[in-house]
Structures are given as structure tokens and as C-alpha cells.
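Engineer: One structure, as C-alpha cells, below. Some questions next.
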Amino acid sequence: MSLEAVPALPPMVRLEGVSKTYRRGTVEVPVLEAVNLTIDTGAFEAFMGPSGSGKSTLLNLISGLDRPTTGVVEVAGRNLAELNDRELSDWRAAHVGFVFQLYNLIPVLTAAENVELPLLLTPLSRAERRRHVAAALELVGLSHRVGHRPPQMSGGEQQRVAIARAIVTDPDLIIADEPTGDLDRKAAEAVLDLFGVLHRDLHKTLVMVTHDPHAAERAGRVHHLEKGVLQ
Amino acid sequence: MNYVGLAGRDLLRNPLRLSLTILAGAVGVTAFIFLRTVIDIFYYGAQAAQVDRLITRNKVSITEPLPLSYYARIAALPGVTAVTHQEWFGGTLGETQKDFFPNFSIDSNTFLDVFPEYTTTPAELSSFRSDPCGALVGEKLSRRFGWKPGDRVTLKGQIYPGDWTFNVRGIYTGTRPGADTTALVFGYRCLNESELLPENRKDQVGIYAVRVDDPSRSAEVAAAIDRMFDNSPYPTKTESEKSFQLGFVAMSSAILTAVRVVSNVILLIILLVIGNTLAMAVRERTRDIATLRAMGFRPRTVVLLVLAESSVIGLAAAALGVAAAPSLVNGFAKLIASQFGQIPDNVMRGRTLVVSALAAVLVSLLAAIGPAWRALRLPVAEGLRRVA
């Protein structure tokens, strides 16, 4: 019997020479410049920087919502440039969960229905979907709110529903864009505690953009962006 | 929850706007059915025409008479099984057209041979034929004025001046759909032998109706009739009954064209109303749509959700519009029945209803193209930043 070295997990995110330029009329506006970045699988990393520094653009590139002007974006082992729009949609459904600053819940659906939405893209039966939804809502401590609609819940509760929605498909990567930006301190702490659970106990890879130093403290590594350049 | 549930919830986000949109669509559908039925009414006479009947009239104009002597010559032609003649009398009950109804003089001995879709009892027919000024009253007309056999009806002649009194000898009914029972017919002798008729107008008829033994030879028989009188002082024009009726419709072609244009404009209005509602709904839901797309919903799925909403609006508007149309259309038909005569009790055709409903759904789908395209082309990252 011989001891073999356990192979290291491939990085969850690898950006190489990534630039992004937007065109505003005839003017080209560079937002990101030559970003090289690696985020390990299971890591919890935060991005900070002033408004307009390119944080959200970086998140959009990592999550496949946008495409770089130049460079390579490789996430969960896939070079996203190789995927067409339909394949990119399928890839996001399978690999990425989103948490937004304003929660982005569908106001006419209940908490359970909002959480169920990403599961409609899976082959799960109705009963299986319900089980997954119940488990996700229990994890975020909102089992008692299944039938409530977003306007009937506090901001903190809505964000926890959004987190349940982000994790219900068991994605590899959770993208959080200013997840505490619209919450009071107490609600923000509860959300960050949940992120801790996802990171430590469920070994999810979390990538978070924030202005909040308290939130950034929870991350294992904090990156700073200045005028599109990773410091 | 499923996709249908999701589309349904989206649809019900703004119940007032949804209700008003469906109501506007329904009003449009009802108006469309109404106008299309008005067009159908114009063509109803032509639709009821028989393929084995020809109409011979004066070649110069329908208002010019033909000699009575043509009767025997037409009847003798090969392929002709029966001939009759009739004259538009155009009498009114009073001085005005208020209580207008169609009235003709007919050849009482031959009329039913050529128009077998009308019938009366043998006793009433015999009584009618034996009385020079006997009249048969259509079933609907008899109900309208409460006339019955034995009554006397006096009409004021417009084309044939004077007061003309007729003896109601019977009530005629129709034996097939489209048979006009709103008219009064009286014997030609009453007109032709009357002292009220000037000498120079005697022995003249309005049109001949000719029945042929073989409808496939109608054109041949028509040509033979016209050839026979080609060089006479009263040349004829013979055509199928349908063509003759369409000639009347053609006189109203400008009105019909206007009605057709307005009915199509109504479809355009439905399209704009539904399109506007969907555009507002999609614009308001930009962030939600972007969120769905971020989660992995394919653009096609989002488009289908918009189309589903549009279809439901179209179907609801069509259902409401079709449900509301009969009372409006039949009420209108009753109102104008006296002018048009041949309008059945239920004037609205099933085909019109189906076409209108399909048009509403099609238009609603067309209305969704713009909003669906907008949803399809939405840059997800930009949509996520949108605050509703």
C-alpha cells in the first residue's frame, strides 16, 4: 500500500488578461483592464472598491452574464467564451447562484415559489422540488414564511429567501452583489452568518462584491479594485 | 408551481389594467363581428340564390321594363323548365318609408314553379289566384303588421301612382333558409289591368326569372335568351340569380369597402391596445426578466411567457366579444330587416364568429412580438440594475 498525494482541486475561477470596454456612443469606456485572478474552489472572496471601479462588471464576467472584450474567463472548468447564449444559460442554471443587493424576488410569487423558480429548469418532479424548497428555506430559517410574498417580509427576510433561491439547485459558485447593501446591521449580520454556513459547512465558493468593510471581513480574501485595475 | 402558474401570476400583477385591456379587446371583437355581419347581410341575397335560376332584365338598366310578350318565347326555349315575371312595386303604407317592406307584383300562376322555396296552403293559393287583386303576405310581414287572410291592405304607389288596395288571401312561408318572408306579393293582373296604370305602361314586366333543367347549361340558356332579343327594341341581359344579386351589392361597393376598412382598423386598434399593455408589463418587469435570465431561463422561455400572456388576453377578449356580439348584431338586424328583407332570425354566421376569435388571438400574438423581442434582446446585466 502506498500513499498517494491527493490532487489539488482545480480553481473555481480563473481570469487571464481580462479586459472589458463599454462603448457609449462613439466613446469607448474601459471598465476592467488586464485582470488576472484565481479563486480556489471552496473559497470565500470579496471585492471592494469605489463606485465605478468595475466590481459588478467583474462579477458579471465571472457569472457568465457578460463577456470580456479580451482575455479568458474560466469558471468551474469551462471556458465561458466557448459557450453560446443558450449554453451559457444552461451553464448558469447548473453552476451559479445569485444574491442581489435588492433581492430581486418576483413580487407576485410566494417565498416558496420564488425559491422553486430555478428548480423549474431541472428535471425534478413537483414533489422533489417541494422537498428541495423546504430544505433551502429551513436552512435560511424561514420555514414559517413559505406562503408569504416579498412585500409581506422584511428586507432581511427577503434577502434570506434570495439566498435560499441561490442555493436550492446546489450550485458550485454563489455570486453576491452587495448582499448587505440594503439591509440594517442586524439583518446584514444574519445574512453574513448564512454566508459563513454556506462556506464552512457546505463548502460553497462565494464571490462577493461589497462596500461594507464588516462584510468584507467575513471573506477569506479581499481584493481591491481601482479604476478597473485589480490592486 | 410551473410555467403556466408563473405566466398566470405575471398576468395578474395589475388586475385593473388587465381587465381594461381585455374589455377593450372584447369591444373591438364585438365591433369587428358587427361590421363583418353587416357585410354578410349585403351578400345574403346572393348566398341564397339558386344555381338553376336565371334572371333576365332589360340590357339598358334594371329600371327599364321588358315586354310581357317575351314570356312565351323564353318559355319555349330548350332547357327552360319554368318562367315567371315580377315587378318591383315599391308601395308604402303611408306617405313615408317608415313602415317600408318589399312588395312586388308577380305572375300568380307561375311564380311558385320558379321559386319553390315559398309555399302556402292549397286553399290560400287557389284563393290568391282567383282574385285579380289578391295578395300573399310573408310570414314575418304578417307577424309585423298582424295581417291575416281577409284583411285589406292599401299601399301608396311610388312608381305606380295612386292608392292600391289588395286583398290578403294567404300567408306564405319559406321552405329553406334564406327564403324571404318579409314581402307582400300580389297578382300582376291587378297592376296591368288597373285604370291607374297608363296605357303606355301596360303589358310590361320588370324581370323574368327562368328555371333551367340543367344548371351546367345555364350560361348556354342565358346566351340563347339574349341572342333571341338582341335586335329588338328591348334587348335583354340574362345572368345567374347570384350574379344578379351581386349586381345590387356592387351598387353599395363604396360603403362595403368603407365597412371593410373600418373593421380592419378595429383589428389594428386591438393590436395597439394589447401591444401597449404588454409593452408596459414587460418594461415594468425588466428586472424580473433579467433575474430569470440570470438564473438560467433561456431567452426562448421568457419569450414564450410573454406570448402566453398575450394569448390569454386575446382569448379572453375573443370569448367576451363573441359572447356579447349576438345581442348587438341580432338587435341591429331586426332594426334594418325591413330595408333588407332577406335577413334570417340569427343573422350572425358561425364562420364570422370563428374568424373574429381567431383574428383576435392572432392580433394579440402579433402585439406580443415587440415586447417579446425586447425581452429577448434584454442585456441581462443591464436589466438587473433596473429599478422598477
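Going by the C-alpha cells order, chains are called A, B, ..., each with residues numbered from 1, while ligands are numbered from 1 in the order shown.
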Taking only C-alpha atoms into account, find every residue of chain A that has an atom no more than 9 Å from chain B, and write it out as a PyMOL selection string.

Structural biologist: chain A and resi 56-57+60+63-66+85-94+96-98+100+102+104-109+113+116-118+120-121+126+166

Engineer: Using DSSP secondary structure from the backbone, list all alpha helix (DSSP H) positions within region 296-353 of chain B, as a ChimeraX atom specification.

Structural biologist: /B:299-340,350-353

Engineer: I want to know what sits within 12 Å of Met280 (chain B), based on only C-alpha atoms, with residues of the same chain fewer than 5 positions away left out; could you give that as a list in words?

Structural biologist: Leu11, Arg13, Asn14, Arg17, Leu18, Thr21, Leu272, Val273, Ile274, Gly275, Arg285, Thr286, Val306, Ala368, Gly370, Pro371, Ala372, Arg374, Ala375 and Ala388 of chain B

Engineer: Could you write out the selected residues, including C-alpha atoms, as a PDB file, in the first residue's frame?

Structural biologist:
ATOM      1  CA  LEU B  11     -50.658  38.302 -15.935  1.00  0.00           C
ATOM      2  CA  ARG B  13     -49.921  41.652 -11.471  1.00  0.00           C
ATOM      3  CA  ASN B  14     -52.144  44.547 -12.440  1.00  0.00           C
ATOM      4  CA  ARG B  17     -55.056  47.110 -16.355  1.00  0.00           C
ATOM      5  CA  LEU B  18     -55.639  43.510 -17.394  1.00  0.00           C
ATOM      6  CA  THR B  21     -57.278  45.608 -21.781  1.00  0.00           C
ATOM      7  CA  LEU B 272     -52.204  48.550 -30.377  1.00  0.00           C
ATOM      8  CA  VAL B 273     -54.157  48.244 -27.106  1.00  0.00           C
ATOM      9  CA  ILE B 274     -52.814  44.776 -26.301  1.00  0.00           C
ATOM     10  CA  GLY B 275     -49.358  45.695 -27.564  1.00  0.00           C
ATOM     11  CA  ARG B 285     -40.797  43.599 -15.248  1.00  0.00           C
ATOM     12  CA  THR B 286     -37.409  44.267 -16.826  1.00  0.00           C
ATOM     13  CA  VAL B 306     -44.806  36.863 -22.876  1.00  0.00           C
ATOM     14  CA  ALA B 368     -46.609  40.473 -28.334  1.00  0.00           C
ATOM     15  CA  GLY B 370     -42.419  43.828 -29.923  1.00  0.00           C
ATOM     16  CA  PRO B 371     -42.449  43.242 -26.149  1.00  0.00           C
ATOM     17  CA  ALA B 372     -41.199  39.668 -26.622  1.00  0.00           C
ATOM     18  CA  ARG B 374     -37.491  43.454 -26.130  1.00  0.00           C
ATOM     19  CA  ALA B 375     -37.413  40.683 -23.508  1.00  0.00           C
ATOM     20  CA  ALA B 388     -38.882  49.127 -11.191  1.00  0.00           C
TER      21      ALA B 388
END

Engineer: Write out as a ChimeraX atom specification the residues lying within 9 Å of region 206-214 of chain A, counting only C-alpha atoms and excluding same-chain residues fewer than 2 positions away.

Structural biologist: /A:39,42-51,55-56,59,172-181,189,195,198-199,204,216-219

Engineer: Would you export the selected residues with N, CA and C atoms as a short mmCIF file (atom, residue, chain, number, x, y, z; two decimals), in the first residue's frame, please?

Structural biologist:
data_model
loop_
_atom_site.label_atom_id
_atom_site.label_comp_id
_atom_site.auth_asym_id
_atom_site.auth_seq_id
_atom_site.Cartn_x
_atom_site.Cartn_y
_atom_site.Cartn_z
N ILE A 39 -9.53 32.11 -8.16
CA ILE A 39 -10.28 31.90 -6.92
C ILE A 39 -10.41 30.39 -6.74
N GLY A 42 -14.14 26.43 -3.15
CA GLY A 42 -14.46 26.45 -1.72
C GLY A 42 -14.04 27.73 -1.02
N ALA A 43 -13.48 28.68 -1.78
CA ALA A 43 -13.02 29.94 -1.17
C ALA A 43 -14.19 30.90 -0.97
N PHE A 44 -14.00 31.87 -0.10
CA PHE A 44 -14.97 32.97 0.11
C PHE A 44 -14.17 34.25 -0.08
N GLU A 45 -14.36 34.88 -1.21
CA GLU A 45 -13.55 36.05 -1.52
C GLU A 45 -14.43 37.27 -1.80
N ALA A 46 -13.93 38.42 -1.37
CA ALA A 46 -14.70 39.65 -1.51
C ALA A 46 -13.94 40.64 -2.39
N PHE A 47 -14.69 41.47 -3.08
CA PHE A 47 -14.13 42.54 -3.90
C PHE A 47 -14.64 43.87 -3.38
N MET A 48 -13.73 44.77 -3.14
CA MET A 48 -14.10 46.10 -2.69
C MET A 48 -13.52 47.15 -3.64
N GLY A 49 -14.09 48.31 -3.54
CA GLY A 49 -13.59 49.38 -4.39
C GLY A 49 -14.66 50.44 -4.52
N PRO A 50 -14.26 51.63 -4.93
CA PRO A 50 -15.24 52.71 -5.07
C PRO A 50 -16.21 52.42 -6.22
N SER A 51 -17.31 53.18 -6.24
CA SER A 51 -18.27 53.03 -7.33
C SER A 51 -17.58 53.28 -8.66
N LYS A 55 -16.31 46.51 -10.08
CA LYS A 55 -16.61 45.32 -9.26
C LYS A 55 -17.76 44.51 -9.87
N SER A 56 -18.86 45.19 -10.14
CA SER A 56 -20.03 44.48 -10.65
C SER A 56 -19.74 43.88 -12.03
N LEU A 59 -18.01 40.72 -11.53
CA LEU A 59 -18.95 39.66 -11.14
C LEU A 59 -19.74 39.15 -12.34
N ASP A 172 -22.16 25.34 -7.73
CA ASP A 172 -20.76 25.35 -7.30
C ASP A 172 -20.37 26.72 -6.78
N LEU A 173 -20.95 27.74 -7.39
CA LEU A 173 -20.49 29.11 -7.15
C LEU A 173 -21.67 30.00 -6.78
N ILE A 174 -21.47 30.78 -5.70
CA ILE A 174 -22.52 31.74 -5.34
C ILE A 174 -21.96 33.15 -5.53
N ILE A 175 -22.68 33.92 -6.31
CA ILE A 175 -22.27 35.29 -6.63
C ILE A 175 -23.16 36.23 -5.84
N ALA A 176 -22.56 37.10 -5.07
CA ALA A 176 -23.35 38.02 -4.24
C ALA A 176 -22.91 39.45 -4.55
N ASP A 177 -23.85 40.24 -5.06
CA ASP A 177 -23.54 41.62 -5.43
C ASP A 177 -24.14 42.56 -4.39
N GLU A 178 -23.30 43.09 -3.53
CA GLU A 178 -23.75 43.98 -2.43
C GLU A 178 -24.90 43.35 -1.64
N PRO A 179 -24.71 42.15 -1.10
CA PRO A 179 -25.83 41.44 -0.47
C PRO A 179 -26.35 42.12 0.79
N THR A 180 -25.51 42.99 1.41
CA THR A 180 -25.96 43.65 2.64
C THR A 180 -26.19 45.14 2.43
N GLY A 181 -26.08 45.55 1.19
CA GLY A 181 -26.14 46.98 0.88
C GLY A 181 -27.46 47.64 1.21
N GLU A 189 -25.88 41.13 9.43
CA GLU A 189 -25.12 40.12 10.17
C GLU A 189 -25.73 38.74 9.94
N PHE A 195 -23.85 33.21 4.96
CA PHE A 195 -22.75 33.01 4.02
C PHE A 195 -21.65 32.15 4.66
N LEU A 198 -22.70 28.62 4.48
CA LEU A 198 -22.55 28.09 3.12
C LEU A 198 -21.09 27.78 2.81
N HIS A 199 -20.21 28.65 3.29
CA HIS A 199 -18.79 28.49 3.01
C HIS A 199 -18.18 27.36 3.83
N LYS A 204 -19.25 25.86 -0.21
CA LYS A 204 -19.56 26.59 -1.45
C LYS A 204 -18.48 27.64 -1.71
N ALA A 216 -16.82 42.49 4.29
CA ALA A 216 -15.57 42.03 3.67
C ALA A 216 -14.72 41.22 4.66
N GLU A 217 -14.84 41.61 5.97
CA GLU A 217 -14.06 40.91 6.99
C GLU A 217 -14.40 39.42 7.05
N ARG A 218 -15.65 39.09 6.66
CA ARG A 218 -16.06 37.68 6.74
C ARG A 218 -15.39 36.83 5.65
N ALA A 219 -14.88 37.48 4.60
CA ALA A 219 -14.29 36.74 3.49
C ALA A 219 -12.88 36.29 3.84
#

Engineer: Could you list, as a ChimeraX atom specification, every residue within 6 Å of Thr21 (chain A), counting only C-alpha atoms and ignoring same-chain residues fewer than 5 positions away?

Structural biologist: /A:29-31

Engineer: What's the 8 Å shell around Val140 (chain A), counting only C-alpha atoms, without same-chain residues fewer than 4 positions away, as an MDAnalysis selection string?

Structural biologist: chainID A and resid 136 160:161 163:164 194

Engineer: Using CA of Ala24 (chain B) and CA of Ile255 (chain B) as the two end points, give the distance in Å to one decimal.

Structural biologist: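 Interatomic distance, CA of Ala24 (chain B) to CA of Ile255 (chain B): 25.7 Å.
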
Engineer: Apply DSSP to the backbone of this structure and, from region 73-141 of chain A, keep only the residues in strand (DSSP E); write these as a compact mmCIF listing (two decimals) with N, CA and C atoms, in the first residue's frame.

Structural biologist:
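And here's out.txt as it stands now:
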# COMPACT_ATOMS: atom_id res chain seq x y z
N VAL A 73 -12.04 33.80 -19.44
CA VAL A 73 -12.76 33.58 -18.18
C VAL A 73 -13.09 32.11 -18.09
N GLU A 74 -12.49 31.45 -17.10
CA GLU A 74 -12.73 30.03 -16.94
C GLU A 74 -13.36 29.81 -15.57
N VAL A 75 -14.53 29.21 -15.56
CA VAL A 75 -15.24 29.00 -14.29
C VAL A 75 -15.72 27.55 -14.23
N ARG A 78 -14.87 25.44 -17.16
CA ARG A 78 -15.33 25.76 -18.51
C ARG A 78 -14.84 27.14 -18.94
N ASN A 79 -14.31 27.20 -20.14
CA ASN A 79 -14.00 28.50 -20.74
C ASN A 79 -15.32 29.08 -21.26
N VAL A 96 -24.31 28.32 -11.05
CA VAL A 96 -24.22 29.61 -10.37
C VAL A 96 -25.52 29.94 -9.63
N GLY A 97 -25.36 30.45 -8.41
CA GLY A 97 -26.50 31.00 -7.67
C GLY A 97 -26.25 32.48 -7.43
N PHE A 98 -27.31 33.28 -7.54
CA PHE A 98 -27.13 34.74 -7.44
C PHE A 98 -27.82 35.30 -6.20
N VAL A 99 -27.14 36.24 -5.56
CA VAL A 99 -27.76 37.03 -4.49
C VAL A 99 -27.53 38.50 -4.85

Engineer: Just to confirm, what's the straight-line distance from CA of Val212 (chain B) to CA of His85 (chain B) in Å (one decimal)?

Structural biologist: 14.8 Å

Engineer: List as a PyMOL selection string the protein and nucleic acid residues near region 146-154 of chain A, meaning an atom at most 6 Å away when only C-alpha atoms are counted, but skip any in the same chain fewer than 3 places from it.

Structural biologist: chain A and resi 107+109-112+143+157

Engineer: Can you write out the residues you just picked, keeping C-alpha atoms, as a CSV table (one decimal), in the first residue's frame?

Structural biologist:
chain,number,residue,atom,x,y,z
A,107,PRO,CA,-43.2,40.1,-6.0
A,109,LEU,CA,-44.8,34.8,-6.0
A,110,THR,CA,-44.6,33.4,-2.5
A,111,ALA,CA,-41.3,32.7,-0.8
A,112,ALA,CA,-41.6,29.0,-1.7
A,143,SER,CA,-39.8,27.7,7.1
A,157,GLU,CA,-36.1,38.0,5.3

Engineer: Can you tell me how far CA of Phe32 (chain B) sits from CA of Gly350 (chain B), in Å to one decimal?

Structural biologist: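 Straight-line distance from CA of Phe32 (chain B) to CA of Gly350 (chain B) works out to 13.9 Å.
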
Engineer: Counting only C-alpha atoms, which residue out of B:Leu304, B:Val205, B:Ile313, B:Val38 sits closest to Asp107 (chain B)?

Structural biologist: B:Val205

Engineer: Which of these residues is nearest to Asp213 (chain B), using only C-alpha atoms: B:Leu246, B:Leu155, B:Leu197, B:Val83?

Structural biologist: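 Nearest candidate to Asp213 (chain B) out of B:Leu246, B:Leu155, B:Leu197, B:Val83: B:Val83.
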
Engineer: Name the closest residue to Met12 (chain A) among the candidates A:Gly196, A:Pro171, A:Gly220, A:Gly77; distances are taken between atoms, counting only C-alpha atoms.

Structural biologist: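 Ranking A:Gly196, A:Pro171, A:Gly220, A:Gly77 by distance to Met12 (chain A), first place goes to A:Gly77.
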
Engineer: Using only C-alpha atoms, pick whichever of B:Tyr172, B:Phe244, B:Tyr188, B:Tyr208 has the shortest atom-to-atom distance to Pro116 (chain B).

Structural biologist: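 The shortest atom-to-atom distance to Pro116 (chain B) comes from B:Tyr172.
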